[in-house]
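Chemist: Quick one, structure.csv (CSV, C-alpha atoms and all ligand atoms):
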```csv
chain,number,residue,atom,x,y,z
A,1438,MET,CA,8.8,-8.5,-12.4
A,1439,LYS,CA,7.6,-11.2,-14.8
A,1440,THR,CA,4.3,-12.9,-14.1
A,1441,LYS,CA,2.3,-15.5,-15.9
A,1442,CYS,CA,-0.5,-14.6,-18.2
A,1443,SER,CA,-3.7,-16.5,-18.1
A,1444,ALA,CA,-6.6,-15.9,-15.7
A,1445,GLN,CA,-6.4,-19.4,-14.2
A,1446,ASP,CA,-2.7,-18.9,-13.5
A,1447,ARG,CA,-3.6,-16.7,-10.6
A,1448,SER,CA,-5.1,-19.7,-8.8
A,1449,ASP,CA,-1.8,-21.5,-8.6
A,1450,ARG,CA,0.1,-18.5,-7.2
A,1451,SER,CA,-0.1,-18.7,-3.5
A,1452,PRO,CA,-0.1,-15.5,-1.4
A,1453,VAL,CA,3.2,-14.5,0.1
A,1454,GLY,CA,4.3,-13.4,3.5
A,1455,VAL,CA,6.6,-10.6,4.6
A,1456,GLU,CA,9.2,-10.7,7.4
A,1457,VAL,CA,10.8,-7.4,8.6
A,1458,ALA,CA,13.6,-7.8,11.2
A,1459,GLY,CA,15.4,-5.0,13.0
A,1460,LEU,CA,14.7,-2.6,10.2
A,1461,SER,CA,16.2,0.9,10.7
A,1462,LYS,CA,16.4,3.7,8.1
A,1463,ASN,CA,18.4,6.9,8.3
A,1464,TYR,CA,18.4,9.7,5.8
A,1465,GLU,CA,21.6,11.5,6.6
A,1466,ALA,CA,21.2,12.6,10.3
A,1467,GLN,CA,17.5,11.7,10.5
A,1468,THR,CA,16.4,8.3,11.7
A,1469,VAL,CA,13.0,7.6,10.1
A,1470,LEU,CA,12.5,3.9,11.1
A,1471,LYS,CA,13.8,2.5,14.3
A,1472,ASP,CA,14.4,-1.2,14.7
A,1473,ILE,CA,11.1,-2.4,13.2
A,1474,SER,CA,10.3,-6.1,13.4
A,1475,LEU,CA,7.0,-7.5,12.1
A,1476,SER,CA,5.6,-10.3,10.0
A,1477,VAL,CA,2.7,-10.3,7.6
A,1478,LYS,CA,1.0,-13.6,7.1
A,1479,PRO,CA,0.2,-14.8,3.6
A,1480,GLY,CA,-3.3,-13.7,2.6
A,1481,GLU,CA,-4.0,-11.3,5.5
A,1482,ILE,CA,-4.9,-7.6,5.4
A,1483,PHE,CA,-2.2,-5.9,7.5
A,1484,VAL,CA,-2.9,-2.2,8.1
A,1485,ILE,CA,-0.2,0.3,9.0
A,1486,MET,CA,-1.5,3.4,10.8
A,1487,GLY,CA,0.3,6.4,12.3
A,1488,PRO,CA,0.6,10.1,12.3
A,1489,SER,CA,1.9,12.0,9.3
A,1490,GLY,CA,5.7,11.7,9.0
A,1491,SER,CA,5.9,8.6,11.2
A,1492,GLY,CA,7.6,6.6,8.4
A,1493,LYS,CA,4.7,4.6,7.0
A,1494,SER,CA,5.4,5.3,3.3
A,1495,VAL,CA,9.1,4.7,3.9
A,1496,LEU,CA,8.3,1.3,5.5
A,1497,LEU,CA,6.1,0.4,2.6
A,1498,ARG,CA,8.8,1.4,0.1
A,1499,HIS,CA,11.2,-1.0,1.9
A,1500,ILE,CA,8.8,-3.9,1.6
A,1501,ALA,CA,8.3,-3.0,-2.1
A,1502,GLY,CA,12.1,-3.2,-2.6
A,1503,LEU,CA,12.3,0.5,-3.7
A,1504,GLU,CA,14.7,1.3,-0.8
A,1505,ALA,CA,17.4,-0.6,1.0
A,1506,PRO,CA,17.6,-0.6,4.9
A,1507,THR,CA,20.3,1.2,6.8
A,1508,ALA,CA,20.2,-1.8,9.2
A,1509,GLY,CA,18.1,-5.0,9.4
A,1510,THR,CA,16.3,-7.1,6.8
A,1511,VAL,CA,13.1,-7.2,4.7
A,1512,ARG,CA,12.0,-10.5,3.2
A,1513,VAL,CA,9.1,-11.1,0.9
A,1514,ASN,CA,8.4,-14.8,0.3
A,1515,GLY,CA,11.8,-15.3,2.0
A,1516,LEU,CA,13.6,-13.2,-0.6
A,1517,ASP,CA,15.2,-9.8,-0.5
A,1518,PRO,CA,12.9,-7.5,-2.5
A,1519,THR,CA,15.8,-5.2,-3.6
A,1520,ASP,CA,17.7,-8.1,-5.2
A,1521,PRO,CA,17.1,-8.0,-9.0
A,1522,ALA,CA,18.2,-11.6,-9.2
A,1523,THR,CA,15.2,-12.9,-7.3
A,1524,ARG,CA,12.8,-10.0,-7.9
A,1525,ASP,CA,10.7,-12.0,-10.4
A,1526,ARG,CA,10.0,-14.9,-8.1
A,1527,PHE,CA,7.0,-13.2,-6.5
A,1528,ALA,CA,4.5,-10.7,-8.0
A,1529,LEU,CA,4.3,-7.6,-5.9
A,1530,ALA,CA,2.4,-4.4,-6.9
A,1531,LEU,CA,2.4,-1.0,-5.1
A,1532,VAL,CA,-0.6,1.4,-5.3
A,1533,PHE,CA,1.2,4.7,-4.8
A,1534,GLN,CA,0.0,7.4,-2.4
A,1535,ALA,CA,-0.5,10.0,-5.2
A,1536,GLY,CA,-1.6,7.5,-7.8
A,1537,ALA,CA,1.6,8.1,-10.0
A,1538,LEU,CA,-0.4,7.9,-13.2
A,1539,PHE,CA,1.2,9.2,-16.4
A,1540,ASN,CA,-0.8,12.3,-17.4
A,1541,SER,CA,0.1,12.0,-21.1
A,1542,LEU,CA,-1.2,8.4,-21.3
A,1543,SER,CA,-4.8,7.2,-21.4
A,1544,VAL,CA,-6.1,4.9,-18.7
A,1545,TYR,CA,-5.6,1.9,-20.9
A,1546,GLU,CA,-2.1,2.9,-21.8
A,1547,ASN,CA,-1.3,3.5,-18.1
A,1548,LEU,CA,-2.3,0.0,-17.3
A,1549,ALA,CA,-0.6,-1.6,-20.3
A,1550,LEU,CA,2.7,0.2,-20.0
A,1551,TYR,CA,4.5,-2.0,-17.6
A,1552,PRO,CA,3.5,-5.3,-19.1
A,1553,LEU,CA,4.3,-4.1,-22.6
A,1554,GLU,CA,7.7,-2.7,-21.7
A,1555,HIS,CA,8.6,-5.8,-19.8
A,1556,GLN,CA,7.0,-8.1,-22.4
A,1557,LEU,CA,5.2,-10.0,-19.7
A,1558,CYS,CA,3.0,-11.7,-22.3
A,1559,PRO,CA,1.8,-11.3,-25.9
A,1560,LYS,CA,-0.2,-8.1,-26.7
A,1561,PRO,CA,-3.6,-9.7,-27.0
A,1562,GLN,CA,-3.2,-11.2,-23.5
A,1563,ILE,CA,-2.0,-7.9,-22.1
A,1564,ARG,CA,-5.2,-6.4,-23.5
A,1565,GLU,CA,-7.2,-9.2,-21.8
A,1566,ARG,CA,-5.5,-8.5,-18.5
A,1567,VAL,CA,-6.0,-4.8,-18.7
A,1568,MET,CA,-9.7,-5.1,-19.6
A,1569,ARG,CA,-10.2,-7.6,-16.8
A,1570,ALA,CA,-8.6,-5.3,-14.3
A,1571,LEU,CA,-10.7,-2.3,-15.5
A,1572,LYS,CA,-13.9,-4.4,-15.3
A,1573,ILE,CA,-13.1,-5.5,-11.7
A,1574,LEU,CA,-12.8,-1.8,-10.8
A,1575,SER,CA,-15.9,-0.8,-12.9
A,1576,LEU,CA,-13.8,1.3,-15.1
A,1577,GLU,CA,-14.5,-0.2,-18.6
A,1578,ASN,CA,-15.9,3.1,-19.8
A,1579,ALA,CA,-12.9,5.0,-18.7
A,1580,ALA,CA,-10.2,3.1,-20.8
A,1581,GLU,CA,-9.7,6.0,-23.3
A,1582,LYS,CA,-9.9,8.8,-20.8
A,1583,PHE,CA,-6.8,10.7,-19.6
A,1584,PRO,CA,-5.9,11.2,-15.9
A,1585,SER,CA,-6.9,14.9,-16.1
A,1586,GLU,CA,-10.4,13.8,-17.1
A,1587,LEU,CA,-10.9,11.6,-14.0
A,1588,SER,CA,-12.2,12.3,-10.5
A,1589,GLY,CA,-10.0,11.6,-7.5
A,1590,GLY,CA,-12.0,8.4,-6.8
A,1591,MET,CA,-11.5,7.2,-10.3
A,1592,LYS,CA,-7.8,7.9,-10.2
A,1593,LYS,CA,-7.5,5.8,-7.1
A,1594,ARG,CA,-9.4,3.0,-8.8
A,1595,VAL,CA,-7.2,3.3,-11.9
A,1596,ALA,CA,-4.1,3.0,-9.6
A,1597,ILE,CA,-5.5,-0.1,-8.1
A,1598,ALA,CA,-6.4,-1.5,-11.5
A,1599,ARG,CA,-2.9,-0.9,-12.7
A,1600,ALA,CA,-1.5,-2.9,-9.8
A,1601,LEU,CA,-4.0,-5.7,-10.5
A,1602,VAL,CA,-2.7,-6.0,-14.1
A,1603,MET,CA,0.4,-7.5,-12.5
A,1604,GLU,CA,-1.7,-10.3,-11.1
A,1605,PRO,CA,0.0,-9.7,-7.7
A,1606,GLN,CA,0.4,-12.2,-4.9
A,1607,ILE,CA,1.0,-9.2,-2.6
A,1608,LEU,CA,-0.5,-5.7,-3.0
A,1609,LEU,CA,0.8,-2.7,-1.1
A,1610,TYR,CA,-1.5,0.3,-0.8
A,1611,ASP,CA,-0.3,3.7,0.3
A,1612,GLU,CA,-3.3,5.8,1.6
A,1613,PRO,CA,-5.9,4.3,-0.8
A,1614,THR,CA,-8.8,6.2,0.7
A,1615,SER,CA,-7.2,9.6,1.4
A,1616,GLU,CA,-8.8,12.7,-0.3
A,1617,LEU,CA,-12.0,10.8,-1.1
A,1618,ASP,CA,-15.5,11.4,0.1
A,1619,PRO,CA,-16.6,8.9,2.8
A,1620,VAL,CA,-18.7,6.8,0.4
A,1621,MET,CA,-15.9,6.5,-2.1
A,1622,GLY,CA,-13.6,5.7,0.8
A,1623,ALA,CA,-15.9,2.9,1.8
A,1624,THR,CA,-16.1,1.7,-1.8
A,1625,ILE,CA,-12.3,1.4,-2.0
A,1626,THR,CA,-12.2,-0.3,1.3
A,1627,GLU,CA,-14.7,-2.9,0.0
A,1628,ILE,CA,-12.6,-3.4,-3.1
A,1629,ILE,CA,-9.5,-4.1,-1.0
A,1630,ALA,CA,-11.4,-6.7,1.0
A,1631,THR,CA,-12.9,-8.3,-2.1
A,1632,LEU,CA,-9.5,-8.6,-3.7
A,1633,LYS,CA,-8.2,-10.2,-0.6
A,1634,ASN,CA,-11.1,-12.6,-0.3
A,1635,GLU,CA,-11.5,-13.5,-4.0
A,1636,TYR,CA,-7.8,-13.6,-5.0
A,1637,GLN,CA,-6.2,-14.3,-1.7
A,1638,VAL,CA,-3.8,-11.4,-2.3
A,1639,THR,CA,-1.7,-10.5,0.8
A,1640,SER,CA,-2.5,-6.9,1.4
A,1641,ILE,CA,-0.6,-4.3,3.3
A,1642,VAL,CA,-2.5,-1.0,3.6
A,1643,VAL,CA,-1.0,2.2,4.9
A,1644,SER,CA,-3.9,4.4,6.0
A,1645,HIS,CA,-5.1,7.0,8.4
A,1646,ASP,CA,-8.6,5.6,7.8
A,1647,ARG,CA,-9.8,4.3,11.2
A,1648,ASP,CA,-12.9,2.7,9.6
A,1649,LEU,CA,-10.9,0.9,7.1
A,1650,ALA,CA,-8.5,-0.5,9.7
A,1651,LEU,CA,-11.3,-1.5,12.1
A,1652,THR,CA,-13.5,-3.0,9.4
A,1653,ILE,CA,-11.2,-5.0,7.1
A,1654,GLY,CA,-7.9,-5.2,8.9
A,1655,ASP,CA,-6.9,-8.6,10.2
A,1656,ARG,CA,-4.2,-6.9,12.2
A,1657,VAL,CA,-3.2,-3.2,12.7
A,1658,ALA,CA,0.3,-1.9,13.3
A,1659,ILE,CA,0.7,1.6,14.8
A,1660,LEU,CA,3.9,3.5,13.9
A,1661,MET,CA,4.8,6.7,15.8
A,1662,LYS,CA,8.0,8.7,15.1
A,1663,GLY,CA,9.6,5.7,13.4
A,1664,ASN,CA,8.8,3.3,16.3
A,1665,LEU,CA,6.4,0.4,16.1
A,1666,ARG,CA,4.2,1.0,19.1
A,1667,THR,CA,1.9,-2.0,18.8
A,1668,ILE,CA,0.5,-4.7,16.5
A,1669,CYS,CA,-3.0,-5.8,17.4
A,1670,THR,CA,-6.3,-6.9,16.2
A,1671,PRO,CA,-9.1,-4.3,15.4
A,1672,ASP,CA,-10.9,-5.5,18.6
A,1673,GLU,CA,-7.7,-4.9,20.7
A,1674,LEU,CA,-7.3,-1.5,19.0
A,1675,ARG,CA,-10.8,-0.5,20.1
A,1676,ARG,CA,-9.9,-1.2,23.7
A,1677,VAL,CA,-6.3,0.2,23.6
A,1678,LYS,CA,-5.3,2.4,26.6
A,1679,ASP,CA,-2.1,3.9,25.4
A,1680,PRO,CA,-2.9,7.7,25.5
A,1681,ASP,CA,-0.9,8.5,22.4
A,1682,ILE,CA,-2.8,5.9,20.3
A,1683,VAL,CA,-6.1,6.9,21.8
A,1684,ASP,CA,-5.4,10.5,20.9
A,1685,PHE,CA,-4.3,9.5,17.4
A,1686,LEU,CA,-7.5,7.5,16.8
A,1687,ASN,CA,-9.8,10.0,18.5
A,1688,PRO,CA,-8.2,13.4,18.4
A,1689,LYS,CA,-10.0,16.2,20.3
A,1690,ILE,CA,-9.6,19.7,19.1
A,1691,ASP,CA,-8.2,21.8,22.0
A,1692,LEU,CA,-8.2,25.5,21.3
A,1693,LYS,CA,-6.6,26.2,24.7
A,1694,ASN,CA,-3.5,24.0,24.0
A,1695,PRO,CA,-3.4,24.0,20.2
A,1696,ARG,CA,-1.3,21.2,18.8
A,1697,TYR,CA,0.3,23.4,16.1
A,1698,LEU,CA,2.5,25.0,18.8
A,1699,THR,CA,4.3,21.7,19.2
A,1700,LEU,CA,4.4,20.6,15.5
A,1701,GLU,CA,7.8,19.3,14.4
A,1702,ALA,CA,9.1,19.7,10.8
A,1703,SER,CA,8.5,16.2,9.6
B,1801,LIG,N1,13.8,10.0,0.3
B,1801,LIG,C1,13.8,10.7,1.5
B,1801,LIG,N2,14.9,11.4,1.8
B,1801,LIG,C2,14.9,12.1,3.0
B,1801,LIG,N3,13.9,12.0,3.9
B,1801,LIG,C3,12.8,11.3,3.6
B,1801,LIG,C4,12.7,10.6,2.4
B,1801,LIG,N4,11.5,9.9,2.4
B,1801,LIG,C5,10.9,10.2,3.5
B,1801,LIG,N5,11.7,11.1,4.3
B,1801,LIG,C6,11.4,11.6,5.6
B,1801,LIG,O1,11.0,10.4,6.4
B,1801,LIG,C7,9.9,10.8,7.3
B,1801,LIG,C8,8.8,9.8,7.1
B,1801,LIG,O2,8.2,10.0,5.8
B,1801,LIG,P1,7.0,9.1,5.3
B,1801,LIG,O3,6.7,9.6,3.9
B,1801,LIG,O4,7.3,7.7,5.5
B,1801,LIG,O5,5.8,9.6,6.3
B,1801,LIG,P2,4.4,9.0,6.4
B,1801,LIG,O6,4.2,8.3,7.7
B,1801,LIG,O7,4.1,8.2,5.1
B,1801,LIG,O8,3.5,10.4,6.4
B,1801,LIG,P3,2.1,10.7,5.6
B,1801,LIG,O9,1.0,10.1,6.5
B,1801,LIG,O10,2.1,12.2,5.7
B,1801,LIG,O11,2.2,10.2,4.2
B,1801,LIG,C9,9.6,12.3,7.0
B,1801,LIG,O12,10.2,13.1,7.9
B,1801,LIG,C10,10.2,12.5,5.6
B,1801,LIG,O13,10.6,13.8,5.5
B,1802,MG,MG,2.9,8.5,3.4
```
Would it be possible to restate this file's structure as structure tokens?
Ligand SMILES: Nc1ncnc2c1ncn2[C@@H]1O[C@H](COP(=O)(O)OP(=O)(O)OP(=O)(O)O)[C@@H](O)[C@H]1O
Ligand SMILES: [Mg+2]
Modeler:
Amino acid sequence: MKTKCSAQDRSDRSPVGVEVAGLSKNYEAQTVLKDISLSVKPGEIFVIMGPSGSGKSVLLRHIAGLEAPTAGTVRVNGLDPTDPATRDRFALALVFQAGALFNSLSVYENLALYPLEHQLCPKPQIRERVMRALKILSLENAAEKFPSELSGGMKKRVAIARALVMEPQILLYDEPTSELDPVMGATITEIIATLKNEYQVTSIVVSHDRDLALTIGDRVAILMKGNLRTICTPDELRRVKDPDIVDFLNPKIDLKNPRYLTLEAS
């Protein structure tokens, strides 16, 4: 994924849209995504919510071009994200669910690794980009630290900073606020909104975080057992009547009919 180098270059890179049509995914006998169709508009924050195991990360990996559909198509900026021939025509970055930082590398080295290996631009400009990304995430003082020396919130910010180094037109986040205290979760949510507003990055956010979805989402998709149940605005989501969605958003603990008795292995 080659991108341009200077700060001003970002301004001439327009945000990109995503089209998913009839996407199904099987892993052997298991169907994980069932005939999913959706479109994400350039520059919007599109939130994907749903219970654990419903296929959110798998859907995100398809949009990132890390997996190929069993059926259907995914297009980013009109192009197949799995096709190496056209992969460098848009700048996409994925913030992984578990951060995926290299423990043996410092924060600086984690951020510089991809641009150095792919020779995206000369070394001094890579340094500029890395330091700029660290500054945006208030991590300038953490550049020489190693992942084991960071808190969970800092790791999440480093993962976002590493994605920013790619100067993306589209940013995919997998659970960016999970495992964080509510204040750090709110901070990351504000960062996602700021990146969208200041850099017009198209943002797709997989999250269980109701506050994030209702506060910064332009639209929210609900995925359940591989089916797309609805796509709606936050206001529509607040008024939704579908009992499964209501239960997902406001689960009540019921000690008389405990849910664990009906858990599936997913
Ligand atoms: N590479 C794979 N091979 C086989 N099965 C997989 C693979 N990746 C995911 N799955 C299965 O697909 C289903 C959906 O997984 P996915 O990771 O998308 O869930 P999720 O909605 O992101 O859940 P969570 O909220 O817990 O992260 C699960 O049953 C999982 O076991
Ligand atoms: Mg997941």
Chemist: Taking into account all atoms listed in the file, which residue in the set A:Val1484, A:Ala1630, A:Leu1674, A:Val1643 is nearest to ligand LIG 1801 (chain B)?
Modeler: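 Checking each candidate against ligand LIG 1801 (chain B), we get A:Val1643 as the closest.
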Chemist: Mind listing the residues within 12 Å of ligand MG 1802 (chain B), only C-alpha atoms and all ligand atoms counted, as a PyMOL selection string?
Modeler: chain A and resi 1485-1498+1532-1535+1610-1613+1615+1642-1645+1660+1703
Chemist: Rounded to one decimal in Å, what is the spacing between atom C9 of ligand LIG 1801 (chain B) and atom CA of A:Leu1531?
Modeler: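 According to the coordinates, atom C9 of ligand LIG 1801 (chain B) and atom CA of A:Leu1531 are separated by 19.4 Å.
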Chemist: Mind pulling up the distance from atom CA of A:Ile1597 to atom CA of A:Ala1549?
Modeler: 13.2 Å
Chemist: Env of A:Thr1624: 12 Å cut, atoms = only C-alpha atoms, seq-sep filter 6 positions within chain, self excluded. Answer as a ChimeraX atom specification.
Modeler: /A:1574-1575,1590-1591,1593-1594,1613-1614,1617-1618,1630-1631,1648-1649
Chemist: Using all atoms listed in the file for the distances, tell me which of A:Asp1520, A:Glu1565, A:Asp1525, A:Asp1646 is nearest to ligand LIG 1801 (chain B).
Modeler: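 For ligand LIG 1801 (chain B), the nearest of the candidates is A:Asp1646.
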Chemist: Using only C-alpha atoms, which residues sit within 9 Å of stretch 1675-1690 of chain A once same-chain residues fewer than 4 positions away are excluded, as a PyMOL selection string?
Modeler: chain A and resi 1487-1488+1645+1647+1651+1659+1661+1666+1670-1671+1694-1696
Chemist: So how many Å separate atom CA of A:Leu1475 and atom CA of A:Val1457, to one decimal?
Modeler: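 Between these atoms lies a distance of 5.2 Å.
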Chemist: Find, counting all atoms listed in the file, the residue in A:Glu1586, A:Glu1616, A:Glu1456, A:Glu1635 that gets nearest to A:Ile1573.
Modeler: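 The shortest atom-to-atom distance to A:Ile1573 comes from A:Glu1635.
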Chemist: Can you write out as JSON lines which residues of stretch 1476-1568 of chain A fall within 8 Å of stretch 1598-1607 of chain A, alongside each residue's closest atom pair and its distance in Å to one decimal, counting all atoms listed in the file and ordering rows by chain and ascending residue number?
Modeler:
```
{"residue": "A:Phe1527", "atom": "CA", "partner": "A:Gln1606", "partner_atom": "CA", "distance": 6.9}
{"residue": "A:Ala1528", "atom": "CA", "partner": "A:Pro1605", "partner_atom": "CA", "distance": 4.6}
{"residue": "A:Leu1529", "atom": "CA", "partner": "A:Ile1607", "partner_atom": "CA", "distance": 4.9}
{"residue": "A:Ala1530", "atom": "CA", "partner": "A:Ala1600", "partner_atom": "CA", "distance": 5.1}
{"residue": "A:Leu1531", "atom": "CA", "partner": "A:Ala1600", "partner_atom": "CA", "distance": 6.4}
{"residue": "A:Val1532", "atom": "CA", "partner": "A:Ala1600", "partner_atom": "CA", "distance": 6.3}
{"residue": "A:Asn1547", "atom": "CA", "partner": "A:Arg1599", "partner_atom": "CA", "distance": 7.1}
{"residue": "A:Leu1548", "atom": "CA", "partner": "A:Arg1599", "partner_atom": "CA", "distance": 4.7}
{"residue": "A:Ala1549", "atom": "CA", "partner": "A:Val1602", "partner_atom": "CA", "distance": 7.9}
{"residue": "A:Pro1552", "atom": "CA", "partner": "A:Met1603", "partner_atom": "CA", "distance": 7.6}
{"residue": "A:Arg1566", "atom": "CA", "partner": "A:Val1602", "partner_atom": "CA", "distance": 5.8}
{"residue": "A:Val1567", "atom": "CA", "partner": "A:Val1602", "partner_atom": "CA", "distance": 5.8}
```
Chemist: Restricting the calculation to only C-alpha atoms and all ligand atoms, which member of A:Leu1576, A:Leu1470, A:Val1544, A:Ala1458 is positioned closest to ligand LIG 1801 (chain B)?
Modeler: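 Closest to ligand LIG 1801 (chain B), using only C-alpha atoms and all ligand atoms: A:Leu1470.
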Chemist: Just the residues within 8 Å of A:Ser1585, please, counting only C-alpha atoms, with nothing from its chain fewer than 2 positions along; format it as a ChimeraX atom specification.
Modeler: /A:1540,1583,1587
Chemist: Could stretch 1523-1547 of chain A be completed with N, CA and C atoms and returned as a short mmCIF file (atom, residue, chain, number, x, y, z; two decimals), keeping the file's coordinate frame?
Modeler:
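Final file, selection-v9.cif:
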```cif
data_model
loop_
_atom_site.label_atom_id
_atom_site.label_comp_id
_atom_site.auth_asym_id
_atom_site.auth_seq_id
_atom_site.Cartn_x
_atom_site.Cartn_y
_atom_site.Cartn_z
N THR A 1523 16.34 -12.08 -7.76
CA THR A 1523 15.20 -12.90 -7.30
C THR A 1523 13.89 -12.16 -7.36
N ARG A 1524 13.95 -10.94 -7.89
CA ARG A 1524 12.80 -10.00 -7.90
C ARG A 1524 11.59 -10.63 -8.64
N ASP A 1525 11.84 -11.48 -9.63
CA ASP A 1525 10.70 -12.00 -10.40
C ASP A 1525 10.12 -13.28 -9.87
N ARG A 1526 10.53 -13.66 -8.65
CA ARG A 1526 10.00 -14.90 -8.10
C ARG A 1526 8.69 -14.68 -7.29
N PHE A 1527 8.31 -13.43 -7.13
CA PHE A 1527 7.00 -13.20 -6.50
C PHE A 1527 6.45 -11.93 -7.25
N ALA A 1528 5.11 -11.85 -7.32
CA ALA A 1528 4.50 -10.70 -8.00
C ALA A 1528 3.98 -9.73 -6.98
N LEU A 1529 4.65 -8.59 -6.91
CA LEU A 1529 4.30 -7.60 -5.90
C LEU A 1529 3.88 -6.30 -6.70
N ALA A 1530 2.85 -5.66 -6.22
CA ALA A 1530 2.40 -4.40 -6.90
C ALA A 1530 2.15 -3.37 -5.78
N LEU A 1531 2.52 -2.13 -6.08
CA LEU A 1531 2.40 -1.00 -5.10
C LEU A 1531 1.38 -0.01 -5.70
N VAL A 1532 0.37 0.34 -4.91
CA VAL A 1532 -0.60 1.40 -5.30
C VAL A 1532 -0.04 2.67 -4.58
N PHE A 1533 0.51 3.59 -5.37
CA PHE A 1533 1.20 4.70 -4.80
C PHE A 1533 0.25 5.73 -4.14
N GLN A 1534 0.77 6.45 -3.14
CA GLN A 1534 0.00 7.40 -2.40
C GLN A 1534 -0.67 8.45 -3.32
N ALA A 1535 0.09 8.94 -4.29
CA ALA A 1535 -0.50 10.00 -5.20
C ALA A 1535 -0.90 9.40 -6.52
N GLY A 1536 -1.06 8.09 -6.60
CA GLY A 1536 -1.60 7.50 -7.80
C GLY A 1536 -0.47 7.21 -8.85
N ALA A 1537 0.42 8.21 -9.05
CA ALA A 1537 1.60 8.10 -10.00
C ALA A 1537 1.13 7.63 -11.36
N LEU A 1538 0.04 8.20 -11.87
CA LEU A 1538 -0.40 7.90 -13.20
C LEU A 1538 0.37 8.84 -14.19
N PHE A 1539 0.59 8.38 -15.42
CA PHE A 1539 1.20 9.20 -16.40
C PHE A 1539 0.13 10.06 -17.09
N ASN A 1540 0.24 11.39 -16.96
CA ASN A 1540 -0.80 12.30 -17.40
C ASN A 1540 -0.98 12.26 -18.96
N SER A 1541 0.11 11.93 -19.67
CA SER A 1541 0.10 12.00 -21.10
C SER A 1541 -0.48 10.66 -21.71
N LEU A 1542 -0.73 9.68 -20.86
CA LEU A 1542 -1.20 8.40 -21.30
C LEU A 1542 -2.67 8.19 -20.92
N SER A 1543 -3.42 7.49 -21.77
CA SER A 1543 -4.80 7.20 -21.40
C SER A 1543 -4.80 6.14 -20.28
N VAL A 1544 -5.98 5.92 -19.72
CA VAL A 1544 -6.10 4.90 -18.70
C VAL A 1544 -5.60 3.57 -19.17
N TYR A 1545 -6.05 3.18 -20.37
CA TYR A 1545 -5.60 1.90 -20.90
C TYR A 1545 -4.10 1.84 -21.05
N GLU A 1546 -3.53 2.92 -21.59
CA GLU A 1546 -2.10 2.90 -21.80
C GLU A 1546 -1.33 2.89 -20.46
N ASN A 1547 -1.87 3.58 -19.44
CA ASN A 1547 -1.30 3.50 -18.10
C ASN A 1547 -1.18 2.11 -17.61
#
```
